[in-house]
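Student: Got a structure for you, questions after.
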Amino acid sequence: MNTQTTSKSAAAIDRARDAGRAALIGYLPAGFPDVQTTIDAAVAMAENGMDLIEIGIPYSDPVMDGAVIQEATVQALQNGFTVEKVFDIVKGITERTDAAVLVMTYWNPVMQLGVREFARRLHEAGGAGLITPDLIPDEAAEWLAASEEFGLDRVFLVAPSTSDERMERTVAASRGFVYAVSIMGVTGARTAVSSAARAVVDAAHGAGAERACVGLGVSSADQVREIAAYADGVIVGTALVAALRDGGVPALAELTKDLSSGTGKS
Amino acid sequence: MTDSPQAANGPTEVTEGTAEAFLNPTGSLRHAPGPYFGEYGGRWMPESLIAALDELTDTFEKAKADPEFTAQVAELNRTYAGRPSLLTEAKRFSEHAGGVRIFLKREDLNHTGSHKINNVLGQALLAKRMGKTRVIAETGAGQHGVASATAAALMGLECVVYMGAEDCRRQALNVARMELLGATVVPVTNGSQTLKDAINDALRDWVANVDTTHYLLGTAAGAHPFPSMVRYFHEVIGEEAREQMLAETGRLPDAVCACIGGGSNAIGMFHGFLDDPEVALYGFEAGGDGVETGRHAATITLGRPGVLHGARSYLMQDDDGQTIESHSISAGLDYPGVGPEHAYLADIGRVSYEPITDAEAMDAFKLLCRSEGIIPAIETAHALAGAIKVGQRLAAEGGDPSEKIVLINLSGRGDKDVATAAEFFDLLPDNSAESEIGKDGEQL
């Protein structure tokens, strides 16, 4: 993995590590329910212990997402979200917090704007990089070049099904951290985190990853605590989206505070 | 830049000489192995599914080289699907196509009523080879769902079919067919509740159950190896047709016509003629209400390249890359994407792709019924309407039109479409039960 200190994600994870804990990473869909709320919600997360913020671009065909996130992204699109608003959101958050802000996106919207143009604008907005759920390094030549040019992080996914060979290749292609998918499935809260998660993190570390963060199915402080014991970061999505949906920014802030209580590596 | 050996071969590296670069070493367009067809194809898929795609690729490659497997496929085609399918000369229909000779490749006579059976038998055999006990499939009108349920019943596999909730309602009898065959039909209520959303939900199921489950994709689209694998199982259409044409007429046709949704019947037919430059190839897309209305499924004609469901190909999308809903009277063509090999064949000019409106297709539908006594699928009617235009163009070139030959892939029969057609042509008495059903687009 590229360890240049210019990686904003790596810096945020390392700050948490220096403080003796795992980094907490939180996902929100852009424009749910509107642009300003997304910014305010992300800032509230950052003020309550979120180290990295993941802003998802709503997409018509989100094959890696479960019902809660799908419904939120459909609503965002119905409310008039367009892709270029994601740059306003990233800028709005980075102007008000120190959290690293990544964009999570299916690949077609990036391809349609133009990979280099997308990278240029994300960099300009102060973004840290991209998490790409349906882009594997095999197809990422253009993104590898653009992310190098603009110093952006490339967060690829690795899964319980990932072979040793692919693990090495994916870790090598990543920058910032690798996203360890905890289970074979889509996003959504689950009562237990699969034991597969630890094996994926161990394999990623074994393949040379300096930072491996676990996502999919994490919704409670207890789960965060369990994962923080072996991973460099813990990623929460659906639970935060549901909190924002049901209780607005105050509920989101409260859940973030609760989740962050589990990040200690005691 | 972090060098990845694979990335260096990615589609974005392609600039000039695309056509040459992706030909087989022999210079043939046949048997293109994937994952790339020019700048199209690939594997734009979640990492979680890559191991399954690798396993499938490996199993498929070994099976192709295994005489036992190819013998199994041939035996099933002969004793179960009803192959070889007939070649029928359409002498009265030809009067409406400039007087050129018209031949129909009768995939409508296959078991389950369309070309779909070729692919499902092959993939179900592969599923068994991989030790999978369950297959999942997507379906629009229900044809691929019925074919998948059929193959699963034959081979003792559990079968789950994802189908848009709206399609389930409109195609209640096809849902019943699948259930009679032992399949479970899951109505999809996500997104636009159409075929593309059924594919999304099938992919979500596959991610979660990949150890036990094979995704039996119904068309020559999606991530590698699906486009080249689905084509492989349909190549029998073009191979048989080529031999039959030579036997019947002593030469190759001047033109070959097929309809295109995802493009599986067309790629199977075209494959037999790709290396015969004297044979013009035509793919007819669904023009819906007319391409100028925006309500159509003419993906190659009006789409632009993007990634959806695992492949880079032409795609109906807005400026942001959000998929646009397609529209067609034919549920089987009502898909906003198209197989990547077609995208490549369009770019290099080997195949011409043209839109056919709902009205043109329905005219051709009625014409075949009345001139030949064959009720075609409405999908297939798009190929018939296109062939009429091609025949008239060939005739306009001069000479004796009866010396010109057009081959059409009659990809499916129209039993499933009788209610739609009866409603379209206003054949139902106002107060009949069928009329009430037909208003909702129900298939009888």
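Identifiers for the structure tokens are assigned positionally: chains receive A, B, ... in sequence, residues are indexed from 1 per chain, and ligands are indexed from 1 in the order shown.
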If we count only C-alpha atoms, what is near range 127-139 of chain A at a cut-off of 6 Å, once residues fewer than 5 positions away on the same chain are taken out, given as a VMD selection string?
Tutor: (chain A and resid 8 100 to 106 122 152 to 156) or (chain B and resid 6 to 7 10 44 to 46)
Student: Can you list, as an mmCIF file with C-alpha atoms, in the first residue's frame, every protein, DNA or RNA residue that comes within 9 Å of Leu77 in chain A when you count only C-alpha atoms, leaving out same-chain residues fewer than 3 positions away?
Tutor:
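Just written: selection18.cif:
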data_model
loop_
_atom_site.group_PDB
_atom_site.id
_atom_site.type_symbol
_atom_site.label_atom_id
_atom_site.label_comp_id
_atom_site.auth_asym_id
_atom_site.auth_seq_id
_atom_site.Cartn_x
_atom_site.Cartn_y
_atom_site.Cartn_z
ATOM 1 C CA GLY A 31 -28.682 14.540 -0.661
ATOM 2 C CA PHE A 32 -30.713 12.513 1.831
ATOM 3 C CA PRO A 58 -27.184 7.879 -4.921
ATOM 4 C CA TYR A 59 -27.326 5.549 -7.930
ATOM 5 C CA SER A 60 -30.171 3.942 -9.842
ATOM 6 C CA ALA A 72 -32.662 6.664 1.204
ATOM 7 C CA THR A 73 -30.866 6.984 -2.134
ATOM 8 C CA VAL A 74 -34.103 6.686 -4.106
ATOM 9 C CA GLY A 80 -33.354 16.278 -7.093
ATOM 10 C CA PHE A 81 -29.865 15.067 -6.225
ATOM 11 C CA THR A 82 -27.408 15.329 -9.086
#
Student: Using only C-alpha atoms, can you tell me which of A:Val158, A:Ala251, A:Leu113, A:Ala12 comes closest to Ala196 in chain A?
Tutor: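 Residue with the minimum atom-to-atom distance to Ala196 in chain A: A:Val158.
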Student: Run DSSP on the backbone and grab whatever in range 45-194 of chain A lands in helix (DSSP H, G or I); send it over as a ChimeraX atom specification.
Tutor: /A:45-47,67-78,85-94,107-113,115-124,137-139,141-150,164-173
Student: Name the residues of range 222-321 of chain B that fall into strand (DSSP E) according to DSSP on the backbone, using the chain letters and numbers of this document, as number ranges by chain.
Tutor: B: 255-260, 280-288, 304-308, 310-315
Student: Kindly save the residues from that selection, with N, CA and C atoms included, as a PDB file, in the first residue's frame.
Tutor:
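Saved as part06.pdb:
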ATOM      1  N   ALA B 255     -28.373 -11.487 -46.185  1.00  0.00           N
ATOM      2  CA  ALA B 255     -28.549 -10.765 -44.921  1.00  0.00           C
ATOM      3  C   ALA B 255     -29.138 -11.693 -43.866  1.00  0.00           C
ATOM      4  N   VAL B 256     -28.758 -11.429 -42.614  1.00  0.00           N
ATOM      5  CA  VAL B 256     -29.300 -12.174 -41.477  1.00  0.00           C
ATOM      6  C   VAL B 256     -29.872 -11.158 -40.493  1.00  0.00           C
ATOM      7  N   CYS B 257     -31.104 -11.404 -40.026  1.00  0.00           N
ATOM      8  CA  CYS B 257     -31.794 -10.448 -39.159  1.00  0.00           C
ATOM      9  C   CYS B 257     -32.167 -11.100 -37.828  1.00  0.00           C
ATOM     10  N   ALA B 258     -32.014 -10.342 -36.752  1.00  0.00           N
ATOM     11  CA  ALA B 258     -32.427 -10.829 -35.431  1.00  0.00           C
ATOM     12  C   ALA B 258     -32.864  -9.641 -34.594  1.00  0.00           C
ATOM     13  N   CYS B 259     -33.679  -9.896 -33.570  1.00  0.00           N
ATOM     14  CA  CYS B 259     -34.052  -8.833 -32.640  1.00  0.00           C
ATOM     15  C   CYS B 259     -33.033  -8.788 -31.498  1.00  0.00           C
ATOM     16  N   ILE B 260     -32.920  -7.605 -30.870  1.00  0.00           N
ATOM     17  CA  ILE B 260     -31.917  -7.396 -29.819  1.00  0.00           C
ATOM     18  C   ILE B 260     -32.545  -6.766 -28.580  1.00  0.00           C
ATOM     19  N   ALA B 280     -24.528  -9.686 -44.751  1.00  0.00           N
ATOM     20  CA  ALA B 280     -24.808  -8.493 -43.942  1.00  0.00           C
ATOM     21  C   ALA B 280     -25.608  -8.910 -42.705  1.00  0.00           C
ATOM     22  N   LEU B 281     -25.243  -8.366 -41.559  1.00  0.00           N
ATOM     23  CA  LEU B 281     -25.904  -8.740 -40.303  1.00  0.00           C
ATOM     24  C   LEU B 281     -26.664  -7.540 -39.745  1.00  0.00           C
ATOM     25  N   TYR B 282     -27.908  -7.779 -39.324  1.00  0.00           N
ATOM     26  CA  TYR B 282     -28.766  -6.701 -38.816  1.00  0.00           C
ATOM     27  C   TYR B 282     -29.357  -7.069 -37.463  1.00  0.00           C
ATOM     28  N   GLY B 283     -29.204  -6.177 -36.510  1.00  0.00           N
ATOM     29  CA  GLY B 283     -29.841  -6.345 -35.212  1.00  0.00           C
ATOM     30  C   GLY B 283     -30.915  -5.279 -35.046  1.00  0.00           C
ATOM     31  N   PHE B 284     -32.122  -5.699 -34.677  1.00  0.00           N
ATOM     32  CA  PHE B 284     -33.220  -4.734 -34.566  1.00  0.00           C
ATOM     33  C   PHE B 284     -33.601  -4.529 -33.110  1.00  0.00           C
ATOM     34  N   GLU B 285     -33.424  -3.290 -32.677  1.00  0.00           N
ATOM     35  CA  GLU B 285     -33.713  -2.915 -31.296  1.00  0.00           C
ATOM     36  C   GLU B 285     -35.152  -2.435 -31.177  1.00  0.00           C
ATOM     37  N   ALA B 286     -35.619  -2.364 -29.924  1.00  0.00           N
ATOM     38  CA  ALA B 286     -36.991  -1.925 -29.689  1.00  0.00           C
ATOM     39  C   ALA B 286     -37.066  -0.408 -29.734  1.00  0.00           C
ATOM     40  N   GLY B 287     -37.767   0.112 -30.739  1.00  0.00           N
ATOM     41  CA  GLY B 287     -37.924   1.562 -30.875  1.00  0.00           C
ATOM     42  C   GLY B 287     -39.106   2.112 -30.099  1.00  0.00           C
ATOM     43  N   GLY B 288     -39.867   1.219 -29.443  1.00  0.00           N
ATOM     44  CA  GLY B 288     -40.977   1.653 -28.598  1.00  0.00           C
ATOM     45  C   GLY B 288     -41.942   2.564 -29.340  1.00  0.00           C
ATOM     46  N   ARG B 304     -25.166   5.528 -24.820  1.00  0.00           N
ATOM     47  CA  ARG B 304     -23.724   5.776 -24.904  1.00  0.00           C
ATOM     48  C   ARG B 304     -23.037   4.855 -23.906  1.00  0.00           C
ATOM     49  N   PRO B 305     -21.729   4.632 -24.082  1.00  0.00           N
ATOM     50  CA  PRO B 305     -21.068   3.630 -23.242  1.00  0.00           C
ATOM     51  C   PRO B 305     -21.112   3.967 -21.754  1.00  0.00           C
ATOM     52  N   GLY B 306     -21.297   2.926 -20.960  1.00  0.00           N
ATOM     53  CA  GLY B 306     -21.290   3.044 -19.512  1.00  0.00           C
ATOM     54  C   GLY B 306     -21.194   1.649 -18.926  1.00  0.00           C
ATOM     55  N   VAL B 307     -21.217   1.548 -17.593  1.00  0.00           N
ATOM     56  CA  VAL B 307     -21.191   0.219 -16.982  1.00  0.00           C
ATOM     57  C   VAL B 307     -22.500  -0.023 -16.227  1.00  0.00           C
ATOM     58  N   LEU B 308     -23.060  -1.208 -16.434  1.00  0.00           N
ATOM     59  CA  LEU B 308     -24.253  -1.642 -15.714  1.00  0.00           C
ATOM     60  C   LEU B 308     -24.221  -3.159 -15.637  1.00  0.00           C
ATOM     61  N   GLY B 310     -22.254  -5.243 -14.508  1.00  0.00           N
ATOM     62  CA  GLY B 310     -20.995  -5.972 -14.656  1.00  0.00           C
ATOM     63  C   GLY B 310     -20.236  -5.779 -15.931  1.00  0.00           C
ATOM     64  N   ALA B 311     -20.827  -5.112 -16.919  1.00  0.00           N
ATOM     65  CA  ALA B 311     -20.116  -4.957 -18.187  1.00  0.00           C
ATOM     66  C   ALA B 311     -20.131  -3.510 -18.642  1.00  0.00           C
ATOM     67  N   ARG B 312     -19.098  -3.135 -19.381  1.00  0.00           N
ATOM     68  CA  ARG B 312     -19.108  -1.846 -20.074  1.00  0.00           C
ATOM     69  C   ARG B 312     -19.742  -2.087 -21.434  1.00  0.00           C
ATOM     70  N   SER B 313     -20.759  -1.312 -21.750  1.00  0.00           N
ATOM     71  CA  SER B 313     -21.449  -1.468 -23.023  1.00  0.00           C
ATOM     72  C   SER B 313     -22.279  -0.214 -23.272  1.00  0.00           C
ATOM     73  N   TYR B 314     -23.009  -0.211 -24.377  1.00  0.00           N
ATOM     74  CA  TYR B 314     -23.967   0.878 -24.571  1.00  0.00           C
ATOM     75  C   TYR B 314     -25.055   0.769 -23.513  1.00  0.00           C
ATOM     76  N   LEU B 315     -25.580   1.935 -23.128  1.00  0.00           N
ATOM     77  CA  LEU B 315     -26.472   1.998 -21.984  1.00  0.00           C
ATOM     78  C   LEU B 315     -27.383   3.212 -22.145  1.00  0.00           C
TER      79      LEU B 315
END
Student: If we count only C-alpha atoms and set the cut-off at 7 Å, which residues sit around range 367-380 of chain B, ignoring sequence neighbours fewer than 5 positions away in its own chain? Please answer as a ChimeraX atom specification.
Tutor: /B:90,92-93,259,330,332-333,410-414,417
Student: What's the separation between CA of Arg251 in chain B and CA of Ile405 in chain B, in Å to one decimal place?
Tutor: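 Those two atoms sit 9.2 Å apart.
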Student: Which residues, written as an mmCIF file with C-alpha atoms, in the first residue's frame, have at least one atom at most 9 Å from Asp400 in chain B, with only C-alpha atoms counted and residues fewer than 3 positions away on the same chain left out?
Tutor:
data_model
loop_
_atom_site.group_PDB
_atom_site.id
_atom_site.type_symbol
_atom_site.label_atom_id
_atom_site.label_comp_id
_atom_site.auth_asym_id
_atom_site.auth_seq_id
_atom_site.Cartn_x
_atom_site.Cartn_y
_atom_site.Cartn_z
ATOM 1 C CA GLY B 99 -39.925 -10.432 -53.195
ATOM 2 C CA VAL B 100 -36.598 -11.625 -51.808
ATOM 3 C CA ALA B 395 -34.852 -5.599 -54.043
ATOM 4 C CA GLU B 403 -32.114 -14.391 -56.113
ATOM 5 C CA LYS B 404 -31.618 -12.431 -52.892
#
Student: May I ask which of the residues A:Gly215, A:Gly264, A:Gly20, A:Gly208 is the closest one to Ala173 in chain A, counting only C-alpha atoms?
Tutor: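 The closest residue to Ala173 in chain A is A:Gly208.
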